[in-house]
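So this one's target.txt, compact mmCIF, N, CA, C and O atoms:
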```txt
# COMPACT_ATOMS: atom_id res chain seq x y z
N MET R 1 50.62 -18.91 103.87
CA MET R 1 50.65 -19.44 105.21
C MET R 1 49.50 -18.85 106.01
O MET R 1 49.22 -17.68 105.95
N SER R 2 48.83 -19.68 106.76
CA SER R 2 47.68 -19.21 107.52
C SER R 2 48.13 -18.63 108.86
O SER R 2 49.26 -18.84 109.31
N ILE R 3 47.24 -17.93 109.50
CA ILE R 3 47.53 -17.33 110.80
C ILE R 3 47.79 -18.42 111.84
O ILE R 3 48.66 -18.29 112.68
N ASN R 4 47.05 -19.53 111.78
CA ASN R 4 47.21 -20.60 112.75
C ASN R 4 48.60 -21.20 112.70
O ASN R 4 49.19 -21.50 113.73
N SER R 5 49.14 -21.40 111.52
CA SER R 5 50.47 -22.00 111.42
C SER R 5 51.57 -21.01 111.80
O SER R 5 52.69 -21.40 112.08
N ASP R 6 51.27 -19.71 111.81
CA ASP R 6 52.24 -18.72 112.29
C ASP R 6 52.32 -18.72 113.81
O ASP R 6 53.35 -18.37 114.36
N ILE R 7 51.26 -19.09 114.49
CA ILE R 7 51.24 -19.11 115.95
C ILE R 7 51.85 -20.39 116.49
O ILE R 7 52.70 -20.37 117.37
N ILE R 8 51.43 -21.53 115.96
CA ILE R 8 51.92 -22.83 116.40
C ILE R 8 53.13 -23.19 115.57
O ILE R 8 53.02 -23.40 114.36
N LEU R 9 54.30 -23.28 116.19
CA LEU R 9 55.52 -23.60 115.45
C LEU R 9 55.66 -25.09 115.20
O LEU R 9 55.91 -25.52 114.07
N LYS R 10 55.51 -25.90 116.27
CA LYS R 10 55.60 -27.36 116.10
C LYS R 10 55.12 -28.04 117.38
O LYS R 10 55.16 -27.46 118.46
N PRO R 11 54.68 -29.29 117.26
CA PRO R 11 54.36 -30.06 118.47
C PRO R 11 55.66 -30.52 119.14
O PRO R 11 56.69 -30.68 118.48
N ILE R 12 55.59 -30.74 120.44
CA ILE R 12 56.76 -31.19 121.19
C ILE R 12 56.55 -32.65 121.56
O ILE R 12 55.56 -33.01 122.19
N PHE R 13 57.50 -33.50 121.14
CA PHE R 13 57.43 -34.93 121.40
C PHE R 13 58.52 -35.34 122.38
O PHE R 13 59.66 -35.57 121.99
N THR R 14 58.17 -35.37 123.65
CA THR R 14 59.06 -35.87 124.69
C THR R 14 58.33 -37.02 125.38
O THR R 14 57.15 -37.27 125.12
N GLU R 15 59.03 -37.71 126.26
CA GLU R 15 58.37 -38.81 126.98
C GLU R 15 57.17 -38.30 127.76
O GLU R 15 56.11 -38.92 127.77
N LYS R 16 57.34 -37.17 128.41
CA LYS R 16 56.25 -36.62 129.23
C LYS R 16 55.09 -36.16 128.36
O LYS R 16 53.92 -36.41 128.68
N SER R 17 55.37 -35.50 127.24
CA SER R 17 54.28 -35.00 126.40
C SER R 17 53.50 -36.13 125.75
O SER R 17 52.29 -36.05 125.58
N ILE R 18 54.20 -37.21 125.39
CA ILE R 18 53.50 -38.36 124.79
C ILE R 18 52.66 -39.07 125.85
O ILE R 18 51.54 -39.50 125.57
N ARG R 19 53.18 -39.16 127.08
CA ARG R 19 52.41 -39.77 128.17
C ARG R 19 51.16 -38.94 128.48
O ARG R 19 50.06 -39.47 128.65
N ASP R 20 51.33 -37.61 128.51
CA ASP R 20 50.20 -36.73 128.81
C ASP R 20 49.18 -36.69 127.67
O ASP R 20 48.03 -36.32 127.89
N ALA R 21 49.60 -37.04 126.47
CA ALA R 21 48.66 -37.08 125.35
C ALA R 21 47.56 -38.10 125.60
O ALA R 21 46.42 -37.91 125.18
N GLY R 22 47.89 -39.15 126.32
CA GLY R 22 46.87 -40.13 126.69
C GLY R 22 45.85 -39.57 127.67
O GLY R 22 44.74 -40.09 127.79
N LEU R 23 46.20 -38.51 128.37
CA LEU R 23 45.30 -37.86 129.33
C LEU R 23 44.58 -36.66 128.74
O LEU R 23 43.86 -35.95 129.43
N GLY R 24 44.82 -36.39 127.45
CA GLY R 24 44.15 -35.27 126.79
C GLY R 24 44.89 -33.95 126.87
O GLY R 24 44.30 -32.90 126.64
N LYS R 25 46.19 -33.99 127.22
CA LYS R 25 47.00 -32.77 127.30
C LYS R 25 48.10 -32.86 126.23
O LYS R 25 48.85 -33.83 126.18
N PHE R 26 48.20 -31.82 125.41
CA PHE R 26 49.13 -31.83 124.29
C PHE R 26 50.03 -30.59 124.38
O PHE R 26 49.56 -29.51 124.71
N THR R 27 51.31 -30.75 124.03
CA THR R 27 52.29 -29.68 124.19
C THR R 27 52.79 -29.21 122.83
O THR R 27 53.11 -30.02 121.96
N PHE R 28 52.88 -27.88 122.68
CA PHE R 28 53.31 -27.27 121.42
C PHE R 28 54.32 -26.17 121.70
O PHE R 28 54.26 -25.51 122.74
N LEU R 29 55.22 -25.95 120.75
CA LEU R 29 56.10 -24.80 120.77
C LEU R 29 55.39 -23.69 120.01
O LEU R 29 54.92 -23.91 118.89
N VAL R 30 55.26 -22.52 120.63
CA VAL R 30 54.51 -21.42 120.02
C VAL R 30 55.38 -20.17 119.96
O VAL R 30 56.45 -20.10 120.56
N ARG R 31 54.92 -19.16 119.24
CA ARG R 31 55.63 -17.88 119.17
C ARG R 31 55.61 -17.21 120.54
O ARG R 31 54.68 -17.38 121.33
N ASN R 32 56.63 -16.42 120.82
CA ASN R 32 56.75 -15.77 122.13
C ASN R 32 55.73 -14.67 122.35
O ASN R 32 55.39 -14.35 123.48
N ASN R 33 55.22 -14.07 121.29
CA ASN R 33 54.36 -12.89 121.45
C ASN R 33 52.87 -13.19 121.35
O ASN R 33 52.07 -12.28 121.19
N VAL R 34 52.46 -14.44 121.48
CA VAL R 34 51.03 -14.77 121.40
C VAL R 34 50.48 -15.02 122.80
O VAL R 34 51.21 -15.40 123.71
N ASN R 35 49.17 -14.80 122.95
CA ASN R 35 48.54 -15.04 124.25
C ASN R 35 47.71 -16.33 124.21
O ASN R 35 47.60 -16.98 123.18
N LYS R 36 47.12 -16.67 125.35
CA LYS R 36 46.42 -17.94 125.48
C LYS R 36 45.20 -18.03 124.57
O LYS R 36 44.91 -19.09 124.01
N SER R 37 44.47 -16.95 124.41
CA SER R 37 43.28 -16.99 123.56
C SER R 37 43.66 -17.19 122.09
O SER R 37 42.95 -17.89 121.35
N GLN R 38 44.79 -16.63 121.66
CA GLN R 38 45.25 -16.85 120.29
C GLN R 38 45.70 -18.29 120.09
O GLN R 38 45.45 -18.89 119.05
N ILE R 39 46.36 -18.86 121.10
CA ILE R 39 46.78 -20.25 121.02
C ILE R 39 45.57 -21.17 120.95
O ILE R 39 45.52 -22.09 120.14
N LYS R 40 44.57 -20.89 121.78
CA LYS R 40 43.35 -21.70 121.78
C LYS R 40 42.67 -21.66 120.41
O LYS R 40 42.30 -22.71 119.86
N ALA R 41 42.54 -20.49 119.83
CA ALA R 41 41.91 -20.36 118.52
C ALA R 41 42.71 -21.08 117.44
O ALA R 41 42.14 -21.71 116.54
N ALA R 42 44.03 -21.01 117.53
CA ALA R 42 44.88 -21.66 116.53
C ALA R 42 44.77 -23.17 116.60
O ALA R 42 44.65 -23.85 115.56
N ILE R 43 44.79 -23.73 117.81
CA ILE R 43 44.67 -25.19 117.97
C ILE R 43 43.31 -25.67 117.50
O ILE R 43 43.20 -26.67 116.79
N GLU R 44 42.25 -24.95 117.87
CA GLU R 44 40.91 -25.34 117.45
C GLU R 44 40.77 -25.26 115.93
O GLU R 44 40.11 -26.09 115.32
N GLY R 45 41.40 -24.27 115.31
CA GLY R 45 41.32 -24.13 113.86
C GLY R 45 42.13 -25.18 113.12
O GLY R 45 41.68 -25.70 112.09
N LEU R 46 43.32 -25.51 113.62
CA LEU R 46 44.18 -26.47 112.93
C LEU R 46 43.70 -27.91 113.07
O LEU R 46 43.73 -28.67 112.11
N TYR R 47 43.30 -28.29 114.28
CA TYR R 47 43.01 -29.70 114.55
C TYR R 47 41.54 -30.02 114.74
O TYR R 47 41.19 -31.17 115.00
N LYS R 48 40.66 -29.03 114.65
CA LYS R 48 39.21 -29.24 114.77
C LYS R 48 38.84 -29.95 116.07
O LYS R 48 38.16 -30.97 116.08
N VAL R 49 39.33 -29.40 117.19
CA VAL R 49 39.04 -29.94 118.53
C VAL R 49 38.53 -28.81 119.41
O VAL R 49 38.61 -27.64 119.05
N ASN R 50 38.01 -29.15 120.59
CA ASN R 50 37.56 -28.17 121.57
C ASN R 50 38.59 -28.07 122.69
O ASN R 50 38.84 -29.04 123.39
N VAL R 51 39.17 -26.89 122.88
CA VAL R 51 40.18 -26.67 123.90
C VAL R 51 39.51 -26.17 125.17
O VAL R 51 38.73 -25.22 125.14
N ILE R 52 39.81 -26.82 126.29
CA ILE R 52 39.26 -26.42 127.58
C ILE R 52 40.19 -25.44 128.28
O ILE R 52 39.74 -24.43 128.82
N ALA R 53 41.51 -25.73 128.29
CA ALA R 53 42.46 -24.89 129.01
C ALA R 53 43.78 -24.80 128.25
O ALA R 53 44.14 -25.72 127.53
N VAL R 54 44.47 -23.68 128.45
CA VAL R 54 45.79 -23.47 127.88
C VAL R 54 46.71 -22.98 128.99
O VAL R 54 46.40 -22.02 129.68
N ALA R 55 47.84 -23.67 129.17
CA ALA R 55 48.87 -23.24 130.13
C ALA R 55 50.14 -22.96 129.34
O ALA R 55 50.51 -23.74 128.47
N THR R 56 50.79 -21.83 129.64
CA THR R 56 52.00 -21.47 128.91
C THR R 56 53.20 -21.44 129.84
O THR R 56 53.06 -21.25 131.05
N ASN R 57 54.37 -21.62 129.24
CA ASN R 57 55.62 -21.62 129.99
C ASN R 57 56.69 -21.00 129.11
O ASN R 57 56.88 -21.43 127.97
N ILE R 58 57.39 -20.00 129.62
CA ILE R 58 58.48 -19.38 128.87
C ILE R 58 59.79 -19.79 129.51
O ILE R 58 60.00 -19.57 130.71
N THR R 59 60.68 -20.40 128.73
CA THR R 59 62.00 -20.76 129.22
C THR R 59 62.98 -19.70 128.75
O THR R 59 62.97 -19.31 127.58
N LYS R 60 63.78 -19.20 129.66
CA LYS R 60 64.70 -18.13 129.30
C LYS R 60 65.88 -18.70 128.52
O LYS R 60 66.24 -19.86 128.67
N GLY R 61 66.48 -17.86 127.70
CA GLY R 61 67.66 -18.26 126.96
C GLY R 61 68.86 -18.36 127.88
O GLY R 61 68.90 -17.73 128.94
N SER R 62 69.85 -19.15 127.50
CA SER R 62 71.04 -19.29 128.31
C SER R 62 72.27 -18.88 127.50
O SER R 62 72.21 -18.75 126.28
N ILE R 63 73.37 -18.69 128.19
CA ILE R 63 74.60 -18.32 127.51
C ILE R 63 75.47 -19.57 127.39
O ILE R 63 75.76 -20.24 128.38
N VAL R 64 75.86 -19.88 126.17
CA VAL R 64 76.73 -21.01 125.90
C VAL R 64 78.13 -20.45 125.75
O VAL R 64 78.39 -19.61 124.89
N LYS R 65 79.03 -20.88 126.62
CA LYS R 65 80.39 -20.33 126.62
C LYS R 65 81.34 -21.17 125.78
O LYS R 65 81.11 -22.36 125.57
N ALA R 66 82.41 -20.55 125.35
CA ALA R 66 83.50 -21.21 124.62
C ALA R 66 83.00 -21.92 123.37
O ALA R 66 83.28 -23.09 123.14
N THR R 67 82.23 -21.20 122.59
CA THR R 67 81.77 -21.77 121.32
C THR R 67 82.81 -21.48 120.25
O THR R 67 83.93 -21.07 120.55
N ARG R 68 82.45 -21.65 119.03
CA ARG R 68 83.37 -21.44 117.92
C ARG R 68 83.98 -20.04 117.97
O ARG R 68 83.30 -19.06 118.26
N LYS R 69 85.26 -19.97 117.75
CA LYS R 69 86.04 -18.72 117.76
C LYS R 69 86.06 -18.06 119.14
O LYS R 69 86.28 -16.86 119.26
N GLY R 70 85.78 -18.80 120.20
CA GLY R 70 85.89 -18.28 121.55
C GLY R 70 84.84 -17.27 121.94
O GLY R 70 85.01 -16.53 122.89
N ARG R 71 83.74 -17.22 121.25
CA ARG R 71 82.70 -16.24 121.55
C ARG R 71 81.59 -16.88 122.38
O ARG R 71 81.28 -18.05 122.23
N ASN R 72 80.97 -16.07 123.21
CA ASN R 72 79.79 -16.52 123.96
C ASN R 72 78.56 -16.29 123.11
O ASN R 72 78.45 -15.27 122.44
N VAL R 73 77.63 -17.24 123.15
CA VAL R 73 76.42 -17.15 122.35
C VAL R 73 75.22 -17.29 123.26
O VAL R 73 75.19 -18.15 124.14
N LYS R 74 74.23 -16.45 123.08
CA LYS R 74 73.00 -16.54 123.86
C LYS R 74 71.96 -17.30 123.05
O LYS R 74 71.73 -16.99 121.89
N THR R 75 71.36 -18.32 123.67
CA THR R 75 70.31 -19.07 123.00
C THR R 75 68.99 -18.32 123.15
O THR R 75 68.82 -17.50 124.06
N PHE R 76 68.06 -18.60 122.29
CA PHE R 76 66.78 -17.91 122.30
C PHE R 76 65.86 -18.49 123.36
O PHE R 76 65.94 -19.66 123.71
N LYS R 77 64.96 -17.64 123.85
CA LYS R 77 63.97 -18.15 124.79
C LYS R 77 62.82 -18.77 124.00
O LYS R 77 62.52 -18.36 122.88
N ASP R 78 62.20 -19.78 124.59
CA ASP R 78 61.11 -20.51 123.96
C ASP R 78 59.84 -20.34 124.77
O ASP R 78 59.88 -20.10 125.98
N LYS R 79 58.72 -20.49 124.10
CA LYS R 79 57.43 -20.49 124.78
C LYS R 79 56.72 -21.78 124.42
O LYS R 79 56.58 -22.12 123.24
N LYS R 80 56.31 -22.51 125.45
CA LYS R 80 55.58 -23.76 125.25
C LYS R 80 54.15 -23.56 125.72
O LYS R 80 53.89 -22.82 126.66
N ALA R 81 53.24 -24.25 125.05
CA ALA R 81 51.84 -24.21 125.45
C ALA R 81 51.35 -25.63 125.65
O ALA R 81 51.53 -26.49 124.78
N ARG R 82 50.77 -25.89 126.81
CA ARG R 82 50.16 -27.19 127.08
C ARG R 82 48.65 -26.99 127.00
O ARG R 82 48.07 -26.18 127.73
N VAL R 83 48.03 -27.72 126.10
CA VAL R 83 46.61 -27.55 125.78
C VAL R 83 45.84 -28.76 126.30
O VAL R 83 46.22 -29.90 126.04
N THR R 84 44.77 -28.51 127.04
CA THR R 84 43.89 -29.57 127.52
C THR R 84 42.64 -29.57 126.66
O THR R 84 41.99 -28.54 126.49
N LEU R 85 42.31 -30.75 126.12
CA LEU R 85 41.16 -30.89 125.23
C LEU R 85 39.95 -31.42 125.98
O LEU R 85 40.07 -31.99 127.07
N LYS R 86 38.79 -31.26 125.35
CA LYS R 86 37.55 -31.82 125.87
C LYS R 86 37.69 -33.33 125.95
O LYS R 86 38.35 -33.95 125.11
N LYS R 87 37.10 -33.93 126.95
CA LYS R 87 37.25 -35.37 127.19
C LYS R 87 36.83 -36.16 125.95
O LYS R 87 35.80 -35.91 125.35
N GLY R 88 37.66 -37.12 125.60
CA GLY R 88 37.38 -38.00 124.47
C GLY R 88 37.97 -37.51 123.14
O GLY R 88 37.94 -38.24 122.16
N GLN R 89 38.51 -36.29 123.10
CA GLN R 89 39.09 -35.79 121.86
C GLN R 89 40.60 -36.02 121.84
O GLN R 89 41.25 -36.05 122.88
N ARG R 90 41.14 -36.21 120.65
CA ARG R 90 42.56 -36.49 120.47
C ARG R 90 43.11 -35.70 119.30
O ARG R 90 42.37 -35.29 118.41
N ILE R 91 44.42 -35.53 119.30
CA ILE R 91 45.13 -34.98 118.16
C ILE R 91 45.96 -36.13 117.59
O ILE R 91 46.79 -36.72 118.28
N GLU R 92 45.74 -36.45 116.33
CA GLU R 92 46.27 -37.68 115.75
C GLU R 92 47.79 -37.72 115.64
O GLU R 92 48.39 -38.79 115.72
N ILE R 93 48.46 -36.59 115.50
CA ILE R 93 49.92 -36.63 115.36
C ILE R 93 50.59 -37.16 116.62
O ILE R 93 51.64 -37.77 116.55
N PHE R 94 49.97 -36.99 117.78
CA PHE R 94 50.53 -37.53 119.02
C PHE R 94 50.24 -39.02 119.13
O PHE R 94 51.01 -39.74 119.74
N GLU R 95 49.16 -39.48 118.55
CA GLU R 95 48.81 -40.90 118.60
C GLU R 95 49.82 -41.72 117.81
O GLU R 95 50.15 -42.83 118.18
N ASP R 96 50.35 -41.17 116.72
CA ASP R 96 51.32 -41.89 115.91
C ASP R 96 52.64 -42.10 116.64
O ASP R 96 53.34 -43.07 116.39
N LYS R 97 52.99 -41.21 117.54
CA LYS R 97 54.28 -41.28 118.25
C LYS R 97 54.27 -42.28 119.40
O LYS R 97 55.32 -42.64 119.90
N LYS R 98 53.11 -42.76 119.83
CA LYS R 98 53.03 -43.68 120.96
C LYS R 98 53.61 -45.06 120.64
O LYS R 98 54.02 -45.78 121.50
N GLU R 99 53.63 -45.41 119.39
CA GLU R 99 54.04 -46.76 118.99
C GLU R 99 55.51 -46.99 119.07
O GLU R 99 56.36 -46.31 119.21
```
Would you give me this structure, written as structure tokens?
Amino acid sequence: MSINSDIILKPIFTEKSIRDAGLGKFTFLVRNNVNKSQIKAAIEGLYKVNVIAVATNITKGSIVKATRKGRNVKTFKDKKARVTLKKGQRIEIFEDKKE
């Protein structure tokens, strides 16, 4: 496994992320302990594109009550990265989801 695939967990396909893909902004789920420069290097290495900006967002975990056996369970926190590419560049996996 390469370092790039350890940083980028998966692309996020929601209505908003697919709409923003047309504007050159792509959203990925990334590891919690990586910084913006590592995300930029990973995206450029995996998809052979030029990244202009990286914005990150950490969502906190929540407590789900009354689960199996009456126990409370805490969900994990996630980190999302929204990557803006150089004008005219695309990531093909998002283009397939538009149809």
Original post:
R:Lys87, R:Arg31, R:Lys80, R:Lys65: which is nearest Ile8 of chain R, counting all atoms listed in the file?
Top reply: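 Looking only at the distances to Ile8 of chain R, the closest residue turns out to be R:Arg31.
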Original post:
Just how far from atom CA of Val49 of chain R is atom C of Phe26 of chain R, in Å to one decimal?
Top reply: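 Atom CA of Val49 of chain R lies 12.5 Å from atom C of Phe26 of chain R.
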**OP:** Can you work out which one of R:Asn57, R:Asn33, R:Asn72, R:Leu23 has the shortest atom-to-atom distance to Lys86 of chain R, counting only C-alpha atoms?
**Re:** R:Leu23
Subject >> Two-atom distance - atom C of Ile93 of chain R, atom N of Lys36 of chain R (Å) >> reply: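 So the answer is 22.5 Å.
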Subject >> From R:Phe76, R:Gln38, R:Asp6, R:Tyr47, residue lying nearest Phe94 of chain R [only C-alpha atoms] >> reply: R:Tyr47
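If you count only N, CA, C and O atoms and ignore residues fewer than 3 places along the chain from Ala21 of chain R, what sits within 7 Å of it is Glu15, Lys16, Ser17, Ile18, Gly24, Lys25, Phe26, Thr27, Gln89, Arg90, Ile91 and Phe94 of chain R.
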Subject >> Every residue of chain R that DSSP places in strand (DSSP E), as a ChimeraX atom specification >> reply: /R:8-11,25-30,51-59,63-64,73-74,78-85
Restricting the output to N, CA, C and O atoms, write the selected residues as a compact mmCIF listing (two decimals), in the coordinates of the input.
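Saved file selection31.txt follows:
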```txt
# COMPACT_ATOMS: atom_id res chain seq x y z
N ILE R 8 51.43 -21.53 115.96
CA ILE R 8 51.92 -22.83 116.40
C ILE R 8 53.13 -23.19 115.57
O ILE R 8 53.02 -23.40 114.36
N LEU R 9 54.30 -23.28 116.19
CA LEU R 9 55.52 -23.60 115.45
C LEU R 9 55.66 -25.09 115.20
O LEU R 9 55.91 -25.52 114.07
N LYS R 10 55.51 -25.90 116.27
CA LYS R 10 55.60 -27.36 116.10
C LYS R 10 55.12 -28.04 117.38
O LYS R 10 55.16 -27.46 118.46
N PRO R 11 54.68 -29.29 117.26
CA PRO R 11 54.36 -30.06 118.47
C PRO R 11 55.66 -30.52 119.14
O PRO R 11 56.69 -30.68 118.48
N LYS R 25 46.19 -33.99 127.22
CA LYS R 25 47.00 -32.77 127.30
C LYS R 25 48.10 -32.86 126.23
O LYS R 25 48.85 -33.83 126.18
N PHE R 26 48.20 -31.82 125.41
CA PHE R 26 49.13 -31.83 124.29
C PHE R 26 50.03 -30.59 124.38
O PHE R 26 49.56 -29.51 124.71
N THR R 27 51.31 -30.75 124.03
CA THR R 27 52.29 -29.68 124.19
C THR R 27 52.79 -29.21 122.83
O THR R 27 53.11 -30.02 121.96
N PHE R 28 52.88 -27.88 122.68
CA PHE R 28 53.31 -27.27 121.42
C PHE R 28 54.32 -26.17 121.70
O PHE R 28 54.26 -25.51 122.74
N LEU R 29 55.22 -25.95 120.75
CA LEU R 29 56.10 -24.80 120.77
C LEU R 29 55.39 -23.69 120.01
O LEU R 29 54.92 -23.91 118.89
N VAL R 30 55.26 -22.52 120.63
CA VAL R 30 54.51 -21.42 120.02
C VAL R 30 55.38 -20.17 119.96
O VAL R 30 56.45 -20.10 120.56
N VAL R 51 39.17 -26.89 122.88
CA VAL R 51 40.18 -26.67 123.90
C VAL R 51 39.51 -26.17 125.17
O VAL R 51 38.73 -25.22 125.14
N ILE R 52 39.81 -26.82 126.29
CA ILE R 52 39.26 -26.42 127.58
C ILE R 52 40.19 -25.44 128.28
O ILE R 52 39.74 -24.43 128.82
N ALA R 53 41.51 -25.73 128.29
CA ALA R 53 42.46 -24.89 129.01
C ALA R 53 43.78 -24.80 128.25
O ALA R 53 44.14 -25.72 127.53
N VAL R 54 44.47 -23.68 128.45
CA VAL R 54 45.79 -23.47 127.88
C VAL R 54 46.71 -22.98 128.99
O VAL R 54 46.40 -22.02 129.68
N ALA R 55 47.84 -23.67 129.17
CA ALA R 55 48.87 -23.24 130.13
C ALA R 55 50.14 -22.96 129.34
O ALA R 55 50.51 -23.74 128.47
N THR R 56 50.79 -21.83 129.64
CA THR R 56 52.00 -21.47 128.91
C THR R 56 53.20 -21.44 129.84
O THR R 56 53.06 -21.25 131.05
N ASN R 57 54.37 -21.62 129.24
CA ASN R 57 55.62 -21.62 129.99
C ASN R 57 56.69 -21.00 129.11
O ASN R 57 56.88 -21.43 127.97
N ILE R 58 57.39 -20.00 129.62
CA ILE R 58 58.48 -19.38 128.87
C ILE R 58 59.79 -19.79 129.51
O ILE R 58 60.00 -19.57 130.71
N THR R 59 60.68 -20.40 128.73
CA THR R 59 62.00 -20.76 129.22
C THR R 59 62.98 -19.70 128.75
O THR R 59 62.97 -19.31 127.58
N ILE R 63 73.37 -18.69 128.19
CA ILE R 63 74.60 -18.32 127.51
C ILE R 63 75.47 -19.57 127.39
O ILE R 63 75.76 -20.24 128.38
N VAL R 64 75.86 -19.88 126.17
CA VAL R 64 76.73 -21.01 125.90
C VAL R 64 78.13 -20.45 125.75
O VAL R 64 78.39 -19.61 124.89
N VAL R 73 77.63 -17.24 123.15
CA VAL R 73 76.42 -17.15 122.35
C VAL R 73 75.22 -17.29 123.26
O VAL R 73 75.19 -18.15 124.14
N LYS R 74 74.23 -16.45 123.08
CA LYS R 74 73.00 -16.54 123.86
C LYS R 74 71.96 -17.30 123.05
O LYS R 74 71.73 -16.99 121.89
N ASP R 78 62.20 -19.78 124.59
CA ASP R 78 61.11 -20.51 123.96
C ASP R 78 59.84 -20.34 124.77
O ASP R 78 59.88 -20.10 125.98
N LYS R 79 58.72 -20.49 124.10
CA LYS R 79 57.43 -20.49 124.78
C LYS R 79 56.72 -21.78 124.42
O LYS R 79 56.58 -22.12 123.24
N LYS R 80 56.31 -22.51 125.45
CA LYS R 80 55.58 -23.76 125.25
C LYS R 80 54.15 -23.56 125.72
O LYS R 80 53.89 -22.82 126.66
N ALA R 81 53.24 -24.25 125.05
CA ALA R 81 51.84 -24.21 125.45
C ALA R 81 51.35 -25.63 125.65
O ALA R 81 51.53 -26.49 124.78
N ARG R 82 50.77 -25.89 126.81
CA ARG R 82 50.16 -27.19 127.08
C ARG R 82 48.65 -26.99 127.00
O ARG R 82 48.07 -26.18 127.73
N VAL R 83 48.03 -27.72 126.10
CA VAL R 83 46.61 -27.55 125.78
C VAL R 83 45.84 -28.76 126.30
O VAL R 83 46.22 -29.90 126.04
N THR R 84 44.77 -28.51 127.04
CA THR R 84 43.89 -29.57 127.52
C THR R 84 42.64 -29.57 126.66
O THR R 84 41.99 -28.54 126.49
N LEU R 85 42.31 -30.75 126.12
CA LEU R 85 41.16 -30.89 125.23
C LEU R 85 39.95 -31.42 125.98
O LEU R 85 40.07 -31.99 127.07
```
**OP:** Kindly give the distance, in Å, that separates atom CA of Ile63 of chain R and atom CA of Ile12 of chain R, rounded to a single decimal.
**Re:** 22.9 Å
Could you give me, as a CSV table (one decimal) with N, CA, C and O atoms, keeping the file's coordinate frame, the residues within 12 Å of Ile58 of chain R, counting only C-alpha atoms and dropping anything in the same chain fewer than 3 positions from it?
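Resulting contents of out_15.csv:
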```csv
chain,number,residue,atom,x,y,z
R,29,LEU,N,55.2,-26.0,120.8
R,29,LEU,CA,56.1,-24.8,120.8
R,29,LEU,C,55.4,-23.7,120.0
R,29,LEU,O,54.9,-23.9,118.9
R,30,VAL,N,55.3,-22.5,120.6
R,30,VAL,CA,54.5,-21.4,120.0
R,30,VAL,C,55.4,-20.2,120.0
R,30,VAL,O,56.4,-20.1,120.6
R,31,ARG,N,54.9,-19.2,119.2
R,31,ARG,CA,55.6,-17.9,119.2
R,31,ARG,C,55.6,-17.2,120.5
R,31,ARG,O,54.7,-17.4,121.3
R,32,ASN,N,56.6,-16.4,120.8
R,32,ASN,CA,56.8,-15.8,122.1
R,32,ASN,C,55.7,-14.7,122.4
R,32,ASN,O,55.4,-14.4,123.5
R,33,ASN,N,55.2,-14.1,121.3
R,33,ASN,CA,54.4,-12.9,121.4
R,33,ASN,C,52.9,-13.2,121.4
R,33,ASN,O,52.1,-12.3,121.2
R,34,VAL,N,52.5,-14.4,121.5
R,34,VAL,CA,51.0,-14.8,121.4
R,34,VAL,C,50.5,-15.0,122.8
R,34,VAL,O,51.2,-15.4,123.7
R,35,ASN,N,49.2,-14.8,123.0
R,35,ASN,CA,48.5,-15.0,124.2
R,35,ASN,C,47.7,-16.3,124.2
R,35,ASN,O,47.6,-17.0,123.2
R,55,ALA,N,47.8,-23.7,129.2
R,55,ALA,CA,48.9,-23.2,130.1
R,55,ALA,C,50.1,-23.0,129.3
R,55,ALA,O,50.5,-23.7,128.5
R,61,GLY,N,66.5,-17.9,127.7
R,61,GLY,CA,67.7,-18.3,127.0
R,61,GLY,C,68.9,-18.4,127.9
R,61,GLY,O,68.9,-17.7,128.9
R,76,PHE,N,68.1,-18.6,122.3
R,76,PHE,CA,66.8,-17.9,122.3
R,76,PHE,C,65.9,-18.5,123.4
R,76,PHE,O,65.9,-19.7,123.7
R,77,LYS,N,65.0,-17.6,123.8
R,77,LYS,CA,64.0,-18.2,124.8
R,77,LYS,C,62.8,-18.8,124.0
R,77,LYS,O,62.5,-18.4,122.9
R,78,ASP,N,62.2,-19.8,124.6
R,78,ASP,CA,61.1,-20.5,124.0
R,78,ASP,C,59.8,-20.3,124.8
R,78,ASP,O,59.9,-20.1,126.0
R,79,LYS,N,58.7,-20.5,124.1
R,79,LYS,CA,57.4,-20.5,124.8
R,79,LYS,C,56.7,-21.8,124.4
R,79,LYS,O,56.6,-22.1,123.2
R,80,LYS,N,56.3,-22.5,125.4
R,80,LYS,CA,55.6,-23.8,125.2
R,80,LYS,C,54.2,-23.6,125.7
R,80,LYS,O,53.9,-22.8,126.7
R,81,ALA,N,53.2,-24.2,125.0
R,81,ALA,CA,51.8,-24.2,125.4
R,81,ALA,C,51.4,-25.6,125.6
R,81,ALA,O,51.5,-26.5,124.8
R,82,ARG,N,50.8,-25.9,126.8
R,82,ARG,CA,50.2,-27.2,127.1
R,82,ARG,C,48.6,-27.0,127.0
R,82,ARG,O,48.1,-26.2,127.7
```
Original post:
When DSSP works through the backbone of this structure, what residues of segment 35-97 of chain R end up as helix (DSSP H, G or I), shown as a list of chain:residue names?
Top reply: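 Selecting the helix (DSSP H, G or I) positions of segment 35-97 of chain R gives R:Lys36, R:Ser37, R:Gln38, R:Ile39, R:Lys40, R:Ala41, R:Ala42, R:Ile43, R:Glu44, R:Gly45, R:Leu46, R:Tyr47, R:Arg68, R:Lys69, R:Gly70, R:Glu92, R:Ile93, R:Phe94, R:Glu95, R:Asp96, R:Lys97.
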Subject >> Pick from R:Val54, R:Leu85, R:Val64, R:Val73 nearest to Lys40 of chain R, counting only C-alpha atoms >> reply: R:Val54
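Among the candidates R:Ser37, R:Thr75, R:Lys48, R:Val83, the one nearest to Lys60 of chain R when counting all atoms listed in the file is R:Thr75.
Restricting the calculation to all atoms listed in the file, the smallest distance between Val51 of chain R and any of R:Arg71, R:Thr84, R:Pro11, R:Ser5 is found for R:Thr84.
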Any chance you could work out the axis-aligned box around segment 11-17 of chain R, listed atoms only, 8 Å on each side, giving centre and edge lengths in Å to one decimal, as lines of an AutoDock Vina configuration file?
```
center_x = 56.0
center_y = -34.1
center_z = 123.2
size_x = 23.4
size_y = 25.6
size_z = 28.0
```
